[in-house]
Amino acid sequence: MKKIVIAGGTGFLGNCLARHYEANGWQVTILTRGATRQQGAVQYVSWDGKNPGPWATTLEGADVVVNLNGRSVDCRYTEENKRLIYSTRLDATAILGAAIQRAKTPPKVWLNAASATIYRYAEDREMDEYTGETGTGFSVDVCQKWEAVFNSVETPETRKILLRTGIVLGHQGGPLRPLKMLAKLGAGGRQGSGNQYCSWLHETDFVQIVDFLVRHLEATGVYNVTAPEPVPNKLFMRALRRATGMPVGIPLPAWLLAIGARLIQTETELILKSRRVVPARLLQAGYRFRFPTIEQALQNLC
């Protein structure tokens with residue numbers, strides 16, 4: 001039986017991976033800040049994401065380790081939240097790397113979460129793994145430090161892959177549910193100027209991309225994990241209105257979004273930053289997207 005260990009695996013993306021691999025007969029272990037327990041065929045093992053412990057034995061002989069650990073960025077960027085956003089990413093990556101180095105039978109491949117937000121604000125051109133330009137500011141600094149920790153760990157017997165993931169759309173989690181609610185209430189017009197790009201991905205493609213990279217033994221390094229067609233916000237929202245059957249949508253200007261973001265304790269960056277990221281390496285490797293266009297994805301999810 002093949003074995004996958006998912007660190008920080010109790011969230012939306014972790015659940016997607018756990019369901020997929022459990023359904024395919026794999027032994028699934030999730031490292032969680034909750035209690036150690038068995039739930040169906042999935043084993044949950046307690047860890048704190050920063051210190052050595054008995055959890056490290058789960059890595060022995062694992063076929064795959066996926067690290068998704070990190071405090072959600074869907075929050076206000078207070079000093080305390082910033083500290084947690086950094087520490088939960090950097091500490092978990094460092095301690096996993098140390099455990100892999102100490103393993104008697106190291107995992108075959110280690111996939112670590114990263115973010116497509118590492119690239120600069122871009123309306124002018126697409127950002128791929130070869131010519132993409134990094135940005136500035138808090139979110140980019142988090143991404144750079146996160147990747148630096150991962151890259152600093154030498155694992156000669158474990159293949160390493162960075163997943164620069166965009167905004168994942170799904171049935172059970174991610175940003176789609178609140179956006180659908182806005183659209184159904186008639187407030188599904190463009191947000192801000194509407195010209196900022198959204199680099200998105202269907203949840204099915206996220207799982208299939210992870211599986212693709214696991215199976216392709218030559219895959220290493222950085223991969224942009226986004227759909228091949230990023231779209232401007234105004235086109236994204238138009239496709240969402242069509243998928244939800246709402247013919248009209250009131251635009252939401254930036255000043256109104258700022259007020260709303262403060263009320264629900266989040267930041268407008270998640271909506272207003274233009275991420276025009278494309279998956280050049282995945283396409284070159286021959287990955288075929290199940291949902292390559294936003295229209296196909298939203299019709300399926302709505």
# chains A, B, ... in the order shown; residues from 1 in each chain; ligands from 1
call {"tool": "residues_around", "arguments": {"residues": "segment 64-74 of chain A", "least_positions_apart": "2", "cutoff": "7 Å", "atoms": "only C-alpha atoms", "output": "VMD selection string"}}
result
chain A and resid 3 to 9 62 84 to 85 88 to 89 92 107 to 113 266
call {"tool": "write_last_selection", "arguments": {"atoms": "N, CA, C and O atoms", "output": "short mmCIF file (atom, residue, chain, number, x, y, z; two decimals), in the first residue's frame"}}
result
data_model
loop_
_atom_site.label_atom_id
_atom_site.label_comp_id
_atom_site.auth_asym_id
_atom_site.auth_seq_id
_atom_site.Cartn_x
_atom_site.Cartn_y
_atom_site.Cartn_z
N LYS A 3 1.80 5.25 0.51
CA LYS A 3 1.58 6.08 1.70
C LYS A 3 1.84 7.55 1.41
O LYS A 3 2.88 7.91 0.85
N ILE A 4 0.88 8.41 1.78
CA ILE A 4 1.03 9.85 1.65
C ILE A 4 0.84 10.49 3.02
O ILE A 4 -0.05 10.11 3.77
N VAL A 5 1.69 11.46 3.34
CA VAL A 5 1.58 12.23 4.57
C VAL A 5 1.31 13.68 4.18
O VAL A 5 2.06 14.27 3.39
N ILE A 6 0.23 14.24 4.73
CA ILE A 6 -0.16 15.62 4.41
C ILE A 6 -0.05 16.46 5.67
O ILE A 6 -0.82 16.27 6.62
N ALA A 7 0.91 17.37 5.71
CA ALA A 7 1.09 18.25 6.86
C ALA A 7 0.17 19.46 6.71
O ALA A 7 0.11 20.07 5.64
N GLY A 8 -0.56 19.78 7.78
CA GLY A 8 -1.55 20.85 7.68
C GLY A 8 -2.68 20.45 6.75
O GLY A 8 -3.18 21.25 5.96
N GLY A 9 -3.08 19.20 6.85
CA GLY A 9 -3.99 18.63 5.86
C GLY A 9 -5.46 18.66 6.22
O GLY A 9 -6.25 17.96 5.57
N ALA A 62 7.52 6.88 3.46
CA ALA A 62 6.39 7.50 2.76
C ALA A 62 6.71 7.65 1.28
O ALA A 62 7.85 7.95 0.90
N LEU A 84 2.17 35.15 12.70
CA LEU A 84 1.67 33.79 12.54
C LEU A 84 1.76 33.33 11.08
O LEU A 84 2.05 32.15 10.82
N ILE A 85 1.51 34.23 10.16
CA ILE A 85 1.60 33.88 8.74
C ILE A 85 3.03 33.46 8.40
O ILE A 85 3.25 32.46 7.70
N THR A 88 4.08 29.99 10.89
CA THR A 88 3.45 28.72 10.57
C THR A 88 3.95 28.14 9.25
O THR A 88 3.94 26.91 9.07
N ARG A 89 4.40 28.98 8.35
CA ARG A 89 4.95 28.50 7.09
C ARG A 89 6.43 28.12 7.23
O ARG A 89 6.84 27.02 6.87
N ALA A 92 7.15 25.15 9.95
CA ALA A 92 6.71 23.82 9.51
C ALA A 92 7.59 23.28 8.39
O ALA A 92 7.93 22.09 8.37
N PRO A 107 11.16 9.90 2.53
CA PRO A 107 10.08 9.94 1.53
C PRO A 107 10.65 10.07 0.12
O PRO A 107 11.74 10.62 -0.07
N LYS A 108 9.91 9.57 -0.85
CA LYS A 108 10.38 9.63 -2.24
C LYS A 108 10.26 11.03 -2.82
O LYS A 108 11.10 11.45 -3.62
N VAL A 109 9.20 11.75 -2.43
CA VAL A 109 9.01 13.11 -2.96
C VAL A 109 8.37 13.98 -1.90
O VAL A 109 7.50 13.53 -1.14
N TRP A 110 8.80 15.25 -1.85
CA TRP A 110 8.28 16.24 -0.92
C TRP A 110 7.77 17.42 -1.73
O TRP A 110 8.53 18.11 -2.40
N LEU A 111 6.46 17.63 -1.68
CA LEU A 111 5.83 18.78 -2.34
C LEU A 111 5.47 19.81 -1.28
O LEU A 111 4.79 19.49 -0.31
N ASN A 112 5.93 21.04 -1.47
CA ASN A 112 5.70 22.09 -0.48
C ASN A 112 4.84 23.19 -1.09
O ASN A 112 5.10 23.64 -2.21
N ALA A 113 3.83 23.62 -0.33
CA ALA A 113 3.00 24.72 -0.79
C ALA A 113 3.83 25.98 -0.94
O ALA A 113 4.77 26.23 -0.18
N THR A 266 -10.63 41.04 6.73
CA THR A 266 -9.72 40.52 5.71
C THR A 266 -9.08 41.71 5.00
O THR A 266 -9.23 42.86 5.43
#
call {"tool": "residues_around", "arguments": {"residues": "Asp91 of chain A", "least_positions_apart": "5", "cutoff": "10 Å", "atoms": "only C-alpha atoms", "output": "PyMOL selection string"}}
result
chain A and resi 48-51+69-70+86+96-97+146+149
call {"tool": "write_last_selection", "arguments": {"atoms": "N, CA, C and O atoms", "output": "short mmCIF file (atom, residue, chain, number, x, y, z; two decimals), in the first residue's frame"}}
result
data_model
loop_
_atom_site.label_atom_id
_atom_site.label_comp_id
_atom_site.auth_asym_id
_atom_site.auth_seq_id
_atom_site.Cartn_x
_atom_site.Cartn_y
_atom_site.Cartn_z
N ASP A 48 2.93 20.10 16.34
CA ASP A 48 2.76 21.54 16.54
C ASP A 48 3.35 22.36 15.40
O ASP A 48 3.33 23.59 15.42
N GLY A 49 3.88 21.68 14.39
CA GLY A 49 4.39 22.38 13.22
C GLY A 49 5.71 23.11 13.43
O GLY A 49 6.11 23.90 12.56
N LYS A 50 6.41 22.84 14.56
CA LYS A 50 7.68 23.54 14.77
C LYS A 50 8.71 22.77 15.58
O LYS A 50 9.88 23.14 15.60
N ASN A 51 8.29 21.69 16.24
CA ASN A 51 9.21 20.94 17.09
C ASN A 51 9.26 19.48 16.69
O ASN A 51 8.28 18.93 16.19
N ASN A 69 0.95 23.43 5.39
CA ASN A 69 0.80 24.13 6.67
C ASN A 69 0.98 25.64 6.50
O ASN A 69 1.90 26.10 5.83
N GLY A 70 0.10 26.41 7.12
CA GLY A 70 0.24 27.86 7.10
C GLY A 70 -1.04 28.55 7.54
O GLY A 70 -2.12 28.17 7.10
N TYR A 86 4.00 34.20 8.91
CA TYR A 86 5.41 33.81 8.71
C TYR A 86 5.73 32.50 9.43
O TYR A 86 6.21 31.54 8.81
N LEU A 96 9.90 19.91 8.96
CA LEU A 96 9.68 18.78 8.05
C LEU A 96 10.96 18.42 7.33
O LEU A 96 11.31 17.24 7.19
N GLY A 97 11.68 19.44 6.86
CA GLY A 97 12.95 19.18 6.19
C GLY A 97 13.94 18.47 7.09
O GLY A 97 14.62 17.52 6.67
N TRP A 146 9.60 31.78 2.60
CA TRP A 146 9.05 30.41 2.63
C TRP A 146 9.80 29.51 1.66
O TRP A 146 10.25 28.42 2.01
N VAL A 149 13.48 28.79 2.76
CA VAL A 149 13.63 27.72 3.76
C VAL A 149 13.57 26.36 3.06
O VAL A 149 14.41 25.48 3.31
#
call {"tool": "residues_around", "arguments": {"residues": "Gly194 of chain A", "least_positions_apart": "4", "cutoff": "6 Å", "atoms": "only C-alpha atoms", "output": "list in words"}}
result
Arg190, Asn233 and Lys234 of chain A
call {"tool": "residues_around", "arguments": {"residues": "Leu256 of chain A", "least_positions_apart": "4", "cutoff": "12 Å", "atoms": "only C-alpha atoms", "output": "list in words"}}
result
Ala187, Gln191, Gly192, Ile250, Pro251, Leu252, Gly260, Ala261, Arg262, Leu263 and Thr268 of chain A
call {"tool": "select_by_dssp", "arguments": {"residues": "segment 140-175 of chain A", "states": "helix (DSSP H, G or I)", "output": "PyMOL selection string"}}
result
chain A and resi 140-152
call {"tool": "write_last_selection", "arguments": {"atoms": "C-alpha atoms", "output": "PDB file, in the first residue's frame"}}
result
ATOM      1  CA  VAL A 140       5.790  38.619  -1.496  1.00  0.00           C
ATOM      2  CA  ASP A 141       8.290  38.668   1.368  1.00  0.00           C
ATOM      3  CA  VAL A 142       6.423  35.777   3.010  1.00  0.00           C
ATOM      4  CA  CYS A 143       6.621  33.806  -0.237  1.00  0.00           C
ATOM      5  CA  GLN A 144      10.322  34.492  -0.726  1.00  0.00           C
ATOM      6  CA  LYS A 145      11.284  33.506   2.816  1.00  0.00           C
ATOM      7  CA  TRP A 146       9.050  30.412   2.635  1.00  0.00           C
ATOM      8  CA  GLU A 147      10.680  29.201  -0.582  1.00  0.00           C
ATOM      9  CA  ALA A 148      14.146  30.026   0.760  1.00  0.00           C
ATOM     10  CA  VAL A 149      13.626  27.723   3.759  1.00  0.00           C
ATOM     11  CA  PHE A 150      12.449  24.906   1.484  1.00  0.00           C
ATOM     12  CA  ASN A 151      15.318  25.380  -0.959  1.00  0.00           C
ATOM     13  CA  SER A 152      17.895  25.433   1.832  1.00  0.00           C
TER      14      SER A 152
END
call {"tool": "closest_residue", "arguments": {"among": "A:Ala56, A:Ala285, A:Ala116, A:Leu213", "to": "Arg102 of chain A", "atoms": "only C-alpha atoms"}}
result
A:Ala56
call {"tool": "atom_distance", "arguments": {"atom1": "atom CA of Lys160 of chain A", "atom2": "atom CA of Pro292 of chain A"}}
result
26.0 Å
call {"tool": "closest_residue", "arguments": {"among": "A:Gln196, A:Leu217, A:Lys184, A:Tyr287", "to": "Val248 of chain A", "atoms": "only C-alpha atoms"}}
result
A:Lys184
call {"tool": "select_by_dssp", "arguments": {"residues": "segment 211-263 of chain A", "states": "strand (DSSP E or B)", "output": "number ranges by chain"}}
result
A: 221-225, 231-232, 252
call {"tool": "residues_around", "arguments": {"residues": "segment 163-180 of chain A", "least_positions_apart": "6", "cutoff": "8 Å", "atoms": "only C-alpha atoms", "output": "ChimeraX atom specification"}}
result
/A:12,111-117,188,198-203,206,222-226,240,244,277,301-302
call {"tool": "decode", "arguments": {"residues": "segment 105-139 of chain A", "atoms": "N, CA, C and O atoms", "output": "PDB file, in the first residue's frame"}}
result
ATOM      1  N   THR A 105      14.428   5.809   6.177  1.00  0.00           N
ATOM      2  CA  THR A 105      13.927   5.556   4.824  1.00  0.00           C
ATOM      3  C   THR A 105      13.165   6.812   4.394  1.00  0.00           C
ATOM      4  O   THR A 105      11.959   6.935   4.633  1.00  0.00           O
ATOM      5  N   PRO A 106      13.847   7.777   3.788  1.00  0.00           N
ATOM      6  CA  PRO A 106      13.226   9.074   3.508  1.00  0.00           C
ATOM      7  C   PRO A 106      12.091   8.968   2.487  1.00  0.00           C
ATOM      8  O   PRO A 106      12.050   8.029   1.673  1.00  0.00           O
ATOM      9  N   PRO A 107      11.156   9.904   2.529  1.00  0.00           N
ATOM     10  CA  PRO A 107      10.082   9.940   1.528  1.00  0.00           C
ATOM     11  C   PRO A 107      10.654  10.070   0.116  1.00  0.00           C
ATOM     12  O   PRO A 107      11.743  10.622  -0.072  1.00  0.00           O
ATOM     13  N   LYS A 108       9.906   9.570  -0.847  1.00  0.00           N
ATOM     14  CA  LYS A 108      10.380   9.630  -2.236  1.00  0.00           C
ATOM     15  C   LYS A 108      10.261  11.028  -2.820  1.00  0.00           C
ATOM     16  O   LYS A 108      11.098  11.453  -3.622  1.00  0.00           O
ATOM     17  N   VAL A 109       9.202  11.754  -2.429  1.00  0.00           N
ATOM     18  CA  VAL A 109       9.013  13.106  -2.963  1.00  0.00           C
ATOM     19  C   VAL A 109       8.370  13.982  -1.899  1.00  0.00           C
ATOM     20  O   VAL A 109       7.500  13.528  -1.145  1.00  0.00           O
ATOM     21  N   TRP A 110       8.804  15.250  -1.854  1.00  0.00           N
ATOM     22  CA  TRP A 110       8.278  16.244  -0.917  1.00  0.00           C
ATOM     23  C   TRP A 110       7.771  17.424  -1.729  1.00  0.00           C
ATOM     24  O   TRP A 110       8.534  18.106  -2.399  1.00  0.00           O
ATOM     25  N   LEU A 111       6.455  17.632  -1.676  1.00  0.00           N
ATOM     26  CA  LEU A 111       5.832  18.780  -2.345  1.00  0.00           C
ATOM     27  C   LEU A 111       5.468  19.807  -1.281  1.00  0.00           C
ATOM     28  O   LEU A 111       4.785  19.491  -0.309  1.00  0.00           O
ATOM     29  N   ASN A 112       5.931  21.038  -1.466  1.00  0.00           N
ATOM     30  CA  ASN A 112       5.697  22.091  -0.476  1.00  0.00           C
ATOM     31  C   ASN A 112       4.844  23.189  -1.086  1.00  0.00           C
ATOM     32  O   ASN A 112       5.100  23.641  -2.206  1.00  0.00           O
ATOM     33  N   ALA A 113       3.834  23.616  -0.332  1.00  0.00           N
ATOM     34  CA  ALA A 113       2.999  24.721  -0.791  1.00  0.00           C
ATOM     35  C   ALA A 113       3.834  25.984  -0.936  1.00  0.00           C
ATOM     36  O   ALA A 113       4.770  26.231  -0.178  1.00  0.00           O
ATOM     37  N   ALA A 114       3.478  26.784  -1.914  1.00  0.00           N
ATOM     38  CA  ALA A 114       4.010  28.128  -2.114  1.00  0.00           C
ATOM     39  C   ALA A 114       2.853  28.925  -2.710  1.00  0.00           C
ATOM     40  O   ALA A 114       1.712  28.441  -2.733  1.00  0.00           O
ATOM     41  N   SER A 115       3.100  30.119  -3.198  1.00  0.00           N
ATOM     42  CA  SER A 115       1.980  30.934  -3.677  1.00  0.00           C
ATOM     43  C   SER A 115       2.326  31.692  -4.954  1.00  0.00           C
ATOM     44  O   SER A 115       3.436  32.223  -5.105  1.00  0.00           O
ATOM     45  N   ALA A 116       1.343  31.762  -5.846  1.00  0.00           N
ATOM     46  CA  ALA A 116       1.494  32.530  -7.078  1.00  0.00           C
ATOM     47  C   ALA A 116       1.563  34.027  -6.817  1.00  0.00           C
ATOM     48  O   ALA A 116       1.905  34.796  -7.716  1.00  0.00           O
ATOM     49  N   THR A 117       1.276  34.428  -5.580  1.00  0.00           N
ATOM     50  CA  THR A 117       1.330  35.856  -5.266  1.00  0.00           C
ATOM     51  C   THR A 117       2.761  36.349  -5.137  1.00  0.00           C
ATOM     52  O   THR A 117       2.986  37.539  -4.907  1.00  0.00           O
ATOM     53  N   ILE A 118       3.753  35.461  -5.304  1.00  0.00           N
ATOM     54  CA  ILE A 118       5.149  35.885  -5.283  1.00  0.00           C
ATOM     55  C   ILE A 118       5.470  36.804  -6.459  1.00  0.00           C
ATOM     56  O   ILE A 118       6.404  37.606  -6.399  1.00  0.00           O
ATOM     57  N   TYR A 119       4.671  36.712  -7.530  1.00  0.00           N
ATOM     58  CA  TYR A 119       4.920  37.553  -8.700  1.00  0.00           C
ATOM     59  C   TYR A 119       4.358  38.958  -8.494  1.00  0.00           C
ATOM     60  O   TYR A 119       3.451  39.169  -7.690  1.00  0.00           O
ATOM     61  N   ARG A 120       4.890  39.902  -9.247  1.00  0.00           N
ATOM     62  CA  ARG A 120       4.448  41.294  -9.121  1.00  0.00           C
ATOM     63  C   ARG A 120       3.031  41.485  -9.639  1.00  0.00           C
ATOM     64  O   ARG A 120       2.483  40.640 -10.353  1.00  0.00           O
ATOM     65  N   TYR A 121       2.424  42.618  -9.269  1.00  0.00           N
ATOM     66  CA  TYR A 121       1.135  43.025  -9.831  1.00  0.00           C
ATOM     67  C   TYR A 121       1.316  43.105 -11.345  1.00  0.00           C
ATOM     68  O   TYR A 121       2.184  43.831 -11.847  1.00  0.00           O
ATOM     69  N   ALA A 122       0.502  42.374 -12.084  1.00  0.00           N
ATOM     70  CA  ALA A 122       0.714  42.310 -13.532  1.00  0.00           C
ATOM     71  C   ALA A 122      -0.604  42.315 -14.293  1.00  0.00           C
ATOM     72  O   ALA A 122      -1.384  41.367 -14.180  1.00  0.00           O
ATOM     73  N   GLU A 123      -0.845  43.390 -15.024  1.00  0.00           N
ATOM     74  CA  GLU A 123      -1.905  43.404 -16.033  1.00  0.00           C
ATOM     75  C   GLU A 123      -1.295  43.335 -17.425  1.00  0.00           C
ATOM     76  O   GLU A 123      -1.960  42.937 -18.378  1.00  0.00           O
ATOM     77  N   ASP A 124      -0.014  43.694 -17.529  1.00  0.00           N
ATOM     78  CA  ASP A 124       0.621  43.887 -18.831  1.00  0.00           C
ATOM     79  C   ASP A 124       1.044  42.605 -19.520  1.00  0.00           C
ATOM     80  O   ASP A 124       1.004  42.509 -20.751  1.00  0.00           O
ATOM     81  N   ARG A 125       1.469  41.601 -18.745  1.00  0.00           N
ATOM     82  CA  ARG A 125       1.934  40.363 -19.382  1.00  0.00           C
ATOM     83  C   ARG A 125       1.825  39.191 -18.420  1.00  0.00           C
ATOM     84  O   ARG A 125       1.657  39.366 -17.213  1.00  0.00           O
ATOM     85  N   GLU A 126       1.936  37.974 -18.990  1.00  0.00           N
ATOM     86  CA  GLU A 126       1.838  36.759 -18.193  1.00  0.00           C
ATOM     87  C   GLU A 126       3.148  36.488 -17.459  1.00  0.00           C
ATOM     88  O   GLU A 126       4.235  36.831 -17.943  1.00  0.00           O
ATOM     89  N   MET A 127       3.015  35.863 -16.289  1.00  0.00           N
ATOM     90  CA  MET A 127       4.167  35.507 -15.466  1.00  0.00           C
ATOM     91  C   MET A 127       4.308  33.990 -15.422  1.00  0.00           C
ATOM     92  O   MET A 127       3.411  33.300 -14.910  1.00  0.00           O
ATOM     93  N   ASP A 128       5.402  33.471 -15.974  1.00  0.00           N
ATOM     94  CA  ASP A 128       5.651  32.037 -15.890  1.00  0.00           C
ATOM     95  C   ASP A 128       6.871  31.773 -15.018  1.00  0.00           C
ATOM     96  O   ASP A 128       7.456  32.698 -14.438  1.00  0.00           O
ATOM     97  N   GLU A 129       7.270  30.493 -14.925  1.00  0.00           N
ATOM     98  CA  GLU A 129       8.370  30.131 -14.041  1.00  0.00           C
ATOM     99  C   GLU A 129       9.726  30.621 -14.541  1.00  0.00           C
ATOM    100  O   GLU A 129      10.697  30.673 -13.772  1.00  0.00           O
ATOM    101  N   TYR A 130       9.809  30.983 -15.833  1.00  0.00           N
ATOM    102  CA  TYR A 130      11.087  31.364 -16.421  1.00  0.00           C
ATOM    103  C   TYR A 130      11.318  32.878 -16.427  1.00  0.00           C
ATOM    104  O   TYR A 130      12.424  33.337 -16.137  1.00  0.00           O
ATOM    105  N   THR A 131      10.292  33.630 -16.766  1.00  0.00           N
ATOM    106  CA  THR A 131      10.474  35.078 -16.939  1.00  0.00           C
ATOM    107  C   THR A 131       9.614  35.895 -15.979  1.00  0.00           C
ATOM    108  O   THR A 131       9.602  37.117 -16.052  1.00  0.00           O
ATOM    109  N   GLY A 132       8.891  35.229 -15.072  1.00  0.00           N
ATOM    110  CA  GLY A 132       8.058  35.943 -14.118  1.00  0.00           C
ATOM    111  C   GLY A 132       8.898  36.810 -13.192  1.00  0.00           C
ATOM    112  O   GLY A 132       9.997  36.418 -12.770  1.00  0.00           O
ATOM    113  N   GLU A 133       8.389  37.994 -12.868  1.00  0.00           N
ATOM    114  CA  GLU A 133       9.101  38.951 -12.029  1.00  0.00           C
ATOM    115  C   GLU A 133       8.478  38.986 -10.632  1.00  0.00           C
ATOM    116  O   GLU A 133       7.257  39.116 -10.510  1.00  0.00           O
ATOM    117  N   THR A 134       9.314  38.861  -9.607  1.00  0.00           N
ATOM    118  CA  THR A 134       8.787  38.913  -8.247  1.00  0.00           C
ATOM    119  C   THR A 134       8.397  40.338  -7.887  1.00  0.00           C
ATOM    120  O   THR A 134       8.927  41.306  -8.439  1.00  0.00           O
ATOM    121  N   GLY A 135       7.454  40.427  -6.942  1.00  0.00           N
ATOM    122  CA  GLY A 135       6.952  41.733  -6.538  1.00  0.00           C
ATOM    123  C   GLY A 135       7.607  42.219  -5.264  1.00  0.00           C
ATOM    124  O   GLY A 135       8.716  41.800  -4.910  1.00  0.00           O
ATOM    125  N   THR A 136       6.910  43.106  -4.576  1.00  0.00           N
ATOM    126  CA  THR A 136       7.392  43.655  -3.309  1.00  0.00           C
ATOM    127  C   THR A 136       6.242  43.652  -2.308  1.00  0.00           C
ATOM    128  O   THR A 136       5.086  43.453  -2.674  1.00  0.00           O
ATOM    129  N   GLY A 137       6.567  43.898  -1.044  1.00  0.00           N
ATOM    130  CA  GLY A 137       5.540  43.986  -0.018  1.00  0.00           C
ATOM    131  C   GLY A 137       5.495  42.761   0.873  1.00  0.00           C
ATOM    132  O   GLY A 137       6.240  41.785   0.682  1.00  0.00           O
ATOM    133  N   PHE A 138       4.601  42.816   1.852  1.00  0.00           N
ATOM    134  CA  PHE A 138       4.512  41.774   2.860  1.00  0.00           C
ATOM    135  C   PHE A 138       4.268  40.394   2.269  1.00  0.00           C
ATOM    136  O   PHE A 138       4.993  39.431   2.568  1.00  0.00           O
ATOM    137  N   SER A 139       3.242  40.248   1.437  1.00  0.00           N
ATOM    138  CA  SER A 139       2.879  38.922   0.924  1.00  0.00           C
ATOM    139  C   SER A 139       4.009  38.302   0.115  1.00  0.00           C
ATOM    140  O   SER A 139       4.278  37.095   0.210  1.00  0.00           O
TER     141      SER A 139
END
